[in-house]
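Q: For reference, this is run-v8.pdb, and it has PDB, C-alpha atoms.
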ATOM      1  CA  MET A  29       0.000   0.000   0.000  1.00  0.00           C
ATOM      2  CA  GLY A  30       1.044   3.560  -0.584  1.00  0.00           C
ATOM      3  CA  LEU A  31       0.271   6.647   1.467  1.00  0.00           C
ATOM      4  CA  VAL A  32       0.024  10.226   0.224  1.00  0.00           C
ATOM      5  CA  PHE A  33       0.216  12.571   3.180  1.00  0.00           C
ATOM      6  CA  GLN A  34      -1.657  15.804   3.698  1.00  0.00           C
ATOM      7  CA  ASN A  35       1.551  17.842   3.971  1.00  0.00           C
ATOM      8  CA  PHE A  36       3.696  16.109   1.332  1.00  0.00           C
ATOM      9  CA  ASN A  37       6.494  14.897   3.695  1.00  0.00           C
ATOM     10  CA  LEU A  38       9.147  15.068   0.997  1.00  0.00           C
ATOM     11  CA  PHE A  39      12.774  14.900   2.052  1.00  0.00           C
ATOM     12  CA  PRO A  40      13.944  18.530   1.682  1.00  0.00           C
ATOM     13  CA  HIS A  41      17.590  17.549   1.077  1.00  0.00           C
ATOM     14  CA  PHE A  42      16.714  15.131  -1.765  1.00  0.00           C
ATOM     15  CA  SER A  43      15.974  16.120  -5.338  1.00  0.00           C
ATOM     16  CA  VAL A  44      12.546  15.248  -6.711  1.00  0.00           C
ATOM     17  CA  LEU A  45      14.014  12.219  -8.510  1.00  0.00           C
ATOM     18  CA  LYS A  46      15.799  10.975  -5.376  1.00  0.00           C
ATOM     19  CA  ASN A  47      12.609  11.427  -3.308  1.00  0.00           C
ATOM     20  CA  ILE A  48      10.847   9.067  -5.715  1.00  0.00           C
ATOM     21  CA  MET A  49      13.702   6.565  -6.114  1.00  0.00           C
ATOM     22  CA  ASP A  50      14.872   6.192  -2.537  1.00  0.00           C
ATOM     23  CA  ALA A  51      12.315   3.737  -1.099  1.00  0.00           C
ATOM     24  CA  PRO A  52      12.109   1.344  -4.062  1.00  0.00           C
ATOM     25  CA  ILE A  53      15.912   1.030  -3.990  1.00  0.00           C
ATOM     26  CA  ARG A  54      16.433   0.894  -0.210  1.00  0.00           C
ATOM     27  CA  VAL A  55      13.278  -0.917   0.925  1.00  0.00           C
ATOM     28  CA  GLN A  56      12.377  -3.100  -2.042  1.00  0.00           C
ATOM     29  CA  LYS A  57      16.026  -3.603  -3.099  1.00  0.00           C
ATOM     30  CA  ARG A  58      15.095  -2.964  -6.725  1.00  0.00           C
ATOM     31  CA  ASN A  59      17.532  -2.258  -9.536  1.00  0.00           C
ATOM     32  CA  ARG A  60      18.587   1.405  -9.599  1.00  0.00           C
ATOM     33  CA  ALA A  61      18.399   1.781 -13.402  1.00  0.00           C
ATOM     34  CA  GLU A  62      14.920   0.242 -13.516  1.00  0.00           C
ATOM     35  CA  VAL A  63      13.712   2.438 -10.653  1.00  0.00           C
ATOM     36  CA  LYS A  64      15.167   5.554 -12.286  1.00  0.00           C
ATOM     37  CA  GLN A  65      13.375   4.813 -15.557  1.00  0.00           C
ATOM     38  CA  GLU A  66      10.075   4.239 -13.724  1.00  0.00           C
ATOM     39  CA  ALA A  67      10.560   7.412 -11.656  1.00  0.00           C
ATOM     40  CA  GLU A  68      11.141   9.452 -14.802  1.00  0.00           C
ATOM     41  CA  GLU A  69       7.991   7.935 -16.352  1.00  0.00           C
ATOM     42  CA  LEU A  70       6.011   8.819 -13.221  1.00  0.00           C
ATOM     43  CA  LEU A  71       7.321  12.385 -13.337  1.00  0.00           C
ATOM     44  CA  GLU A  72       6.217  12.658 -16.951  1.00  0.00           C
ATOM     45  CA  LYS A  73       2.792  11.272 -16.028  1.00  0.00           C
ATOM     46  CA  MET A  74       2.530  13.900 -13.259  1.00  0.00           C
ATOM     47  CA  GLY A  75       3.565  16.687 -15.624  1.00  0.00           C
ATOM     48  CA  LEU A  76       6.829  17.217 -13.748  1.00  0.00           C
ATOM     49  CA  LYS A  77       9.464  15.793 -16.097  1.00  0.00           C
ATOM     50  CA  ASP A  78      11.358  19.086 -16.040  1.00  0.00           C
ATOM     51  CA  LYS A  79      11.494  19.105 -12.214  1.00  0.00           C
ATOM     52  CA  ALA A  80      13.521  15.900 -11.686  1.00  0.00           C
ATOM     53  CA  ASN A  81      16.577  17.755 -10.361  1.00  0.00           C
ATOM     54  CA  ALA A  82      14.655  20.396  -8.409  1.00  0.00           C
ATOM     55  CA  TYR A  83      14.310  20.334  -4.628  1.00  0.00           C
ATOM     56  CA  PRO A  84      10.979  20.460  -2.776  1.00  0.00           C
ATOM     57  CA  CYS A  85      11.500  24.102  -1.718  1.00  0.00           C
ATOM     58  CA  GLN A  86      11.638  25.038  -5.415  1.00  0.00           C
ATOM     59  CA  LEU A  87       8.175  23.577  -6.119  1.00  0.00           C
ATOM     60  CA  SER A  88       4.642  24.837  -5.617  1.00  0.00           C
ATOM     61  CA  GLY A  89       2.374  22.983  -3.206  1.00  0.00           C
ATOM     62  CA  GLY A  90       0.588  21.264  -6.087  1.00  0.00           C
ATOM     63  CA  GLN A  91       3.890  20.151  -7.582  1.00  0.00           C
ATOM     64  CA  GLN A  92       5.062  18.829  -4.217  1.00  0.00           C
ATOM     65  CA  GLN A  93       1.826  16.869  -3.819  1.00  0.00           C
ATOM     66  CA  ARG A  94       2.238  15.371  -7.306  1.00  0.00           C
ATOM     67  CA  VAL A  95       5.774  14.312  -6.352  1.00  0.00           C
ATOM     68  CA  SER A  96       4.294  12.698  -3.229  1.00  0.00           C
ATOM     69  CA  ILE A  97       1.849  10.784  -5.407  1.00  0.00           C
ATOM     70  CA  ALA A  98       4.655   9.699  -7.754  1.00  0.00           C
ATOM     71  CA  ARG A  99       6.721   8.611  -4.740  1.00  0.00           C
ATOM     72  CA  ALA A 100       3.851   6.456  -3.479  1.00  0.00           C
ATOM     73  CA  LEU A 101       3.232   4.979  -6.947  1.00  0.00           C
ATOM     74  CA  ALA A 102       6.925   4.114  -7.313  1.00  0.00           C
ATOM     75  CA  MET A 103       6.424   1.449  -4.653  1.00  0.00           C
ATOM     76  CA  LYS A 104       3.839  -0.219  -6.930  1.00  0.00           C
ATOM     77  CA  PRO A 105       1.104  -0.396  -4.294  1.00  0.00           C
ATOM     78  CA  ASP A 106      -2.106  -2.377  -4.664  1.00  0.00           C
ATOM     79  CA  ILE A 107      -3.961   0.337  -2.752  1.00  0.00           C
ATOM     80  CA  LEU A 108      -3.169   4.034  -2.525  1.00  0.00           C
ATOM     81  CA  PHE A 109      -4.333   5.946   0.570  1.00  0.00           C
ATOM     82  CA  PHE A 110      -4.801   9.725   0.482  1.00  0.00           C
ATOM     83  CA  ASP A 111      -5.161  11.762   3.666  1.00  0.00           C
ATOM     84  CA  GLU A 112      -6.906  14.999   2.648  1.00  0.00           C
ATOM     85  CA  PRO A 113      -4.649  15.371  -0.419  1.00  0.00           C
ATOM     86  CA  THR A 114      -5.873  18.896  -1.198  1.00  0.00           C
ATOM     87  CA  SER A 115      -6.179  20.410   2.282  1.00  0.00           C
ATOM     88  CA  ALA A 116      -2.841  22.252   2.188  1.00  0.00           C
ATOM     89  CA  LEU A 117      -3.440  23.682  -1.301  1.00  0.00           C
ATOM     90  CA  ASP A 118      -5.100  26.766  -2.714  1.00  0.00           C
ATOM     91  CA  PRO A 119      -8.116  26.199  -5.020  1.00  0.00           C
ATOM     92  CA  GLU A 120      -6.092  26.436  -8.240  1.00  0.00           C
ATOM     93  CA  LEU A 121      -3.578  23.816  -7.086  1.00  0.00           C
ATOM     94  CA  THR A 122      -6.410  21.638  -5.749  1.00  0.00           C
ATOM     95  CA  GLY A 123      -7.611  21.222  -9.336  1.00  0.00           C
ATOM     96  CA  GLU A 124      -4.201  19.849 -10.382  1.00  0.00           C
ATOM     97  CA  ILE A 125      -4.296  17.160  -7.708  1.00  0.00           C
ATOM     98  CA  LEU A 126      -7.908  16.197  -8.332  1.00  0.00           C
ATOM     99  CA  LYS A 127      -7.055  15.771 -12.020  1.00  0.00           C
ATOM    100  CA  VAL A 128      -4.226  13.359 -11.139  1.00  0.00           C
ATOM    101  CA  ILE A 129      -6.467  11.368  -8.789  1.00  0.00           C
ATOM    102  CA  ARG A 130      -9.207  11.240 -11.447  1.00  0.00           C
ATOM    103  CA  GLN A 131      -6.643   9.861 -13.913  1.00  0.00           C
ATOM    104  CA  LEU A 132      -5.600   7.182 -11.392  1.00  0.00           C
ATOM    105  CA  ALA A 133      -9.262   6.237 -10.910  1.00  0.00           C
ATOM    106  CA  GLN A 134      -9.672   5.863 -14.674  1.00  0.00           C
ATOM    107  CA  GLU A 135      -6.639   3.549 -14.628  1.00  0.00           C
ATOM    108  CA  LYS A 136      -8.498   1.466 -12.000  1.00  0.00           C
ATOM    109  CA  MET A 137      -6.053   2.214  -9.171  1.00  0.00           C
ATOM    110  CA  THR A 138      -7.687   1.195  -5.901  1.00  0.00           C
ATOM    111  CA  MET A 139      -7.722   4.244  -3.640  1.00  0.00           C
ATOM    112  CA  VAL A 140      -9.007   5.197  -0.230  1.00  0.00           C
ATOM    113  CA  ILE A 141      -9.414   8.956  -0.013  1.00  0.00           C
ATOM    114  CA  VAL A 142     -10.211  10.963   3.095  1.00  0.00           C
ATOM    115  CA  THR A 143     -11.646  14.219   1.763  1.00  0.00           C
ATOM    116  CA  HIS A 144     -14.036  17.085   2.259  1.00  0.00           C
ATOM    117  CA  GLU A 145     -14.138  17.601  -1.527  1.00  0.00           C
ATOM    118  CA  MET A 146     -17.626  16.141  -1.728  1.00  0.00           C
ATOM    119  CA  ASP A 147     -18.384  16.903  -5.375  1.00  0.00           C
ATOM    120  CA  PHE A 148     -15.119  15.233  -6.314  1.00  0.00           C
ATOM    121  CA  ALA A 149     -15.892  12.220  -4.100  1.00  0.00           C
ATOM    122  CA  LYS A 150     -19.318  11.916  -5.696  1.00  0.00           C
ATOM    123  CA  HIS A 151     -17.877  11.716  -9.209  1.00  0.00           C
ATOM    124  CA  VAL A 152     -14.749   9.621  -8.670  1.00  0.00           C
ATOM    125  CA  SER A 153     -15.911   7.090  -6.057  1.00  0.00           C
ATOM    126  CA  ASP A 154     -17.384   3.631  -6.374  1.00  0.00           C
ATOM    127  CA  HIS A 155     -18.141   3.466  -2.655  1.00  0.00           C
ATOM    128  CA  ILE A 156     -18.433   6.203  -0.024  1.00  0.00           C
ATOM    129  CA  ILE A 157     -18.221   5.881   3.737  1.00  0.00           C
ATOM    130  CA  PHE A 158     -19.481   8.840   5.770  1.00  0.00           C
ATOM    131  CA  MET A 159     -17.882   8.833   9.208  1.00  0.00           C
ATOM    132  CA  GLU A 160     -18.827  10.886  12.223  1.00  0.00           C
ATOM    133  CA  GLU A 161     -17.113  10.830  15.612  1.00  0.00           C
ATOM    134  CA  GLY A 162     -15.132   7.742  14.611  1.00  0.00           C
ATOM    135  CA  TYR A 163     -18.140   5.688  13.542  1.00  0.00           C
ATOM    136  CA  ILE A 164     -19.609   4.836  10.159  1.00  0.00           C
ATOM    137  CA  ALA A 165     -22.823   6.835   9.900  1.00  0.00           C
ATOM    138  CA  LEU A 166     -23.644   5.787   6.327  1.00  0.00           C
ATOM    139  CA  GLU A 167     -22.018   3.900   3.505  1.00  0.00           C
ATOM    140  CA  GLY A 168     -22.970   2.966  -0.005  1.00  0.00           C
ATOM    141  CA  SER A 169     -22.697   3.983  -3.612  1.00  0.00           C
ATOM    142  CA  PRO A 170     -22.316   7.692  -4.334  1.00  0.00           C
ATOM    143  CA  GLU A 171     -25.979   7.767  -5.348  1.00  0.00           C
ATOM    144  CA  GLU A 172     -27.092   6.134  -2.088  1.00  0.00           C
ATOM    145  CA  VAL A 173     -25.070   8.526   0.047  1.00  0.00           C
ATOM    146  CA  PHE A 174     -25.822  11.732  -1.852  1.00  0.00           C
ATOM    147  CA  GLU A 175     -29.519  10.932  -2.172  1.00  0.00           C
ATOM    148  CA  SER A 176     -29.881   9.801   1.443  1.00  0.00           C
ATOM    149  CA  SER A 177     -32.784  11.252   3.396  1.00  0.00           C
ATOM    150  CA  ASN A 178     -30.676  11.201   6.583  1.00  0.00           C
ATOM    151  CA  ALA A 179     -30.877  14.755   7.980  1.00  0.00           C
ATOM    152  CA  ARG A 180     -27.293  14.779   9.293  1.00  0.00           C
ATOM    153  CA  ILE A 181     -25.904  13.600   5.966  1.00  0.00           C
ATOM    154  CA  GLN A 182     -27.884  16.248   4.095  1.00  0.00           C
ATOM    155  CA  GLU A 183     -26.691  18.936   6.515  1.00  0.00           C
ATOM    156  CA  PHE A 184     -23.076  17.899   5.974  1.00  0.00           C
ATOM    157  CA  LEU A 185     -23.402  17.628   2.212  1.00  0.00           C
ATOM    158  CA  GLY A 186     -25.112  21.012   2.041  1.00  0.00           C
ATOM    159  CA  ARG A 187     -22.176  22.560   3.859  1.00  0.00           C
ATOM    160  CA  PHE A 188     -19.426  21.022   1.693  1.00  0.00           C
ATOM    161  CA  SER A 189     -20.993  20.424  -1.706  1.00  0.00           C
ATOM    162  CA  LYS A 190     -20.788  23.178  -4.311  1.00  0.00           C
ATOM    163  CA  ASN A 191     -23.522  21.912  -6.642  1.00  0.00           C
ATOM    164  CA  ARG A 192     -26.331  21.002  -4.278  1.00  0.00           C
TER     165      ARG A 192
END
Now that the file is in, can you turn its structure into structure tokens?
A:
Amino acid sequence: MGLVFQNFNLFPHFSVLKNIMDAPIRVQKRNRAEVKQEAEELLEKMGLKDKANAYPCQLSGGQQQRVSIARALAMKPDILFFDEPTSALDPELTGEILKVIRQLAQEKMTMVIVTHEMDFAKHVSDHIIFMEEGYIALEGSPEEVFESSNARIQEFLGRFSKNR
């Protein structure tokens, strides 16, 4: 499994390429040349091919988050977990990240996403779990959750959904 953190957690003293390559080489003991080629392909997929030798401090928040996603994907996870992947970003950069996650969904990557981006969740999810105070309050298909007559769910969705 791979984890994409809310606040990127990139190594500031590593280049973008080294941030992506480090774990597959050290943890999985994979071939450096193979990992480098895959890392470069991931950077191209994320629209960051030209940033391979840059350092995290030289990147925007959206670029750093895309590097974090590439770093997680480099480990070839079966499931990718996102913890509020857009919470530290301004609205313009949020769009960049949502586009990447949408692309991963189209590629059938299994993902678990904790988010308050309800319109996004509605359109990209196969299954939604609404949690409150540590408990599952409702779960089901996006249609079941968004069309629920549960007053608390409707209150929440009304607060966070743009197109309701």
Q: Given all atoms listed in the file as the basis, pick out the residue of A:Gln182, A:Asn35, A:Gln86, A:Ser153 nearest to Pro170 (chain A).
A: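 Nearest candidate to Pro170 (chain A) out of A:Gln182, A:Asn35, A:Gln86, A:Ser153: A:Ser153.
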Q: Could you give me, as a list of chain:residue names, the residues within 12 Å of Lys64 (chain A), counting all atoms listed in the file and dropping anything in the same chain fewer than 2 positions from it?
A: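 Residues meeting the cut-off are A:Val44, A:Leu45, A:Lys46, A:Asn47, A:Ile48, A:Met49, A:Asp50, A:Ala51, A:Pro52, A:Ile53, A:Arg58, A:Asn59, A:Arg60, A:Ala61, A:Glu62, A:Glu66, A:Ala67, A:Glu68, A:Glu69, A:Leu70, A:Leu71, A:Ala80, A:Arg99, A:Ala102.
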Q: Name the closest residue to Thr114 (chain A) among the candidates A:Ala149, A:Leu126, A:Ala179, A:Ala82; distances are taken between atoms, counting only C-alpha atoms.
A: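 Checking each of A:Ala149, A:Leu126, A:Ala179, A:Ala82 against Thr114 (chain A), counting only C-alpha atoms, the winner is A:Leu126.
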Q: If we count all atoms listed in the file, what is near Phe148 (chain A) at a cut-off of 10 Å, once residues fewer than 2 positions away on the same chain are taken out, given as a ChimeraX atom specification?
A: /A:126-127,129-130,143-146,150-153,189-190
Q: Once the PyMOL selection byres ((chain A and resi 171) around 10) is applied to the coordinates I shared, what remains selected? I want it as a short mmCIF file (atom, residue, chain, number, x, y, z; two decimals) with C-alpha atoms, keeping the file's coordinate frame.
A:
data_model
loop_
_atom_site.label_atom_id
_atom_site.label_comp_id
_atom_site.auth_asym_id
_atom_site.auth_seq_id
_atom_site.Cartn_x
_atom_site.Cartn_y
_atom_site.Cartn_z
CA LYS A 150 -19.32 11.92 -5.70
CA HIS A 151 -17.88 11.72 -9.21
CA ASP A 154 -17.38 3.63 -6.37
CA HIS A 155 -18.14 3.47 -2.66
CA ILE A 156 -18.43 6.20 -0.02
CA GLY A 168 -22.97 2.97 0.00
CA SER A 169 -22.70 3.98 -3.61
CA PRO A 170 -22.32 7.69 -4.33
CA GLU A 172 -27.09 6.13 -2.09
CA VAL A 173 -25.07 8.53 0.05
CA PHE A 174 -25.82 11.73 -1.85
CA GLU A 175 -29.52 10.93 -2.17
CA SER A 176 -29.88 9.80 1.44
#
Q: Find, counting all atoms listed in the file, the residue in A:Lys79, A:Arg94, A:Lys57, A:Lys73 that gets nearest to Leu38 (chain A).
A: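 Answer, going by the shortest atom-to-atom distance: A:Arg94.
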Q: Taking into account all atoms listed in the file, which residue in the set A:Leu166, A:Ala98, A:Ile181, A:Ile157 is nearest to Phe36 (chain A)?
A: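 Of the candidates, the smallest distance to Phe36 (chain A) is held by A:Ala98.
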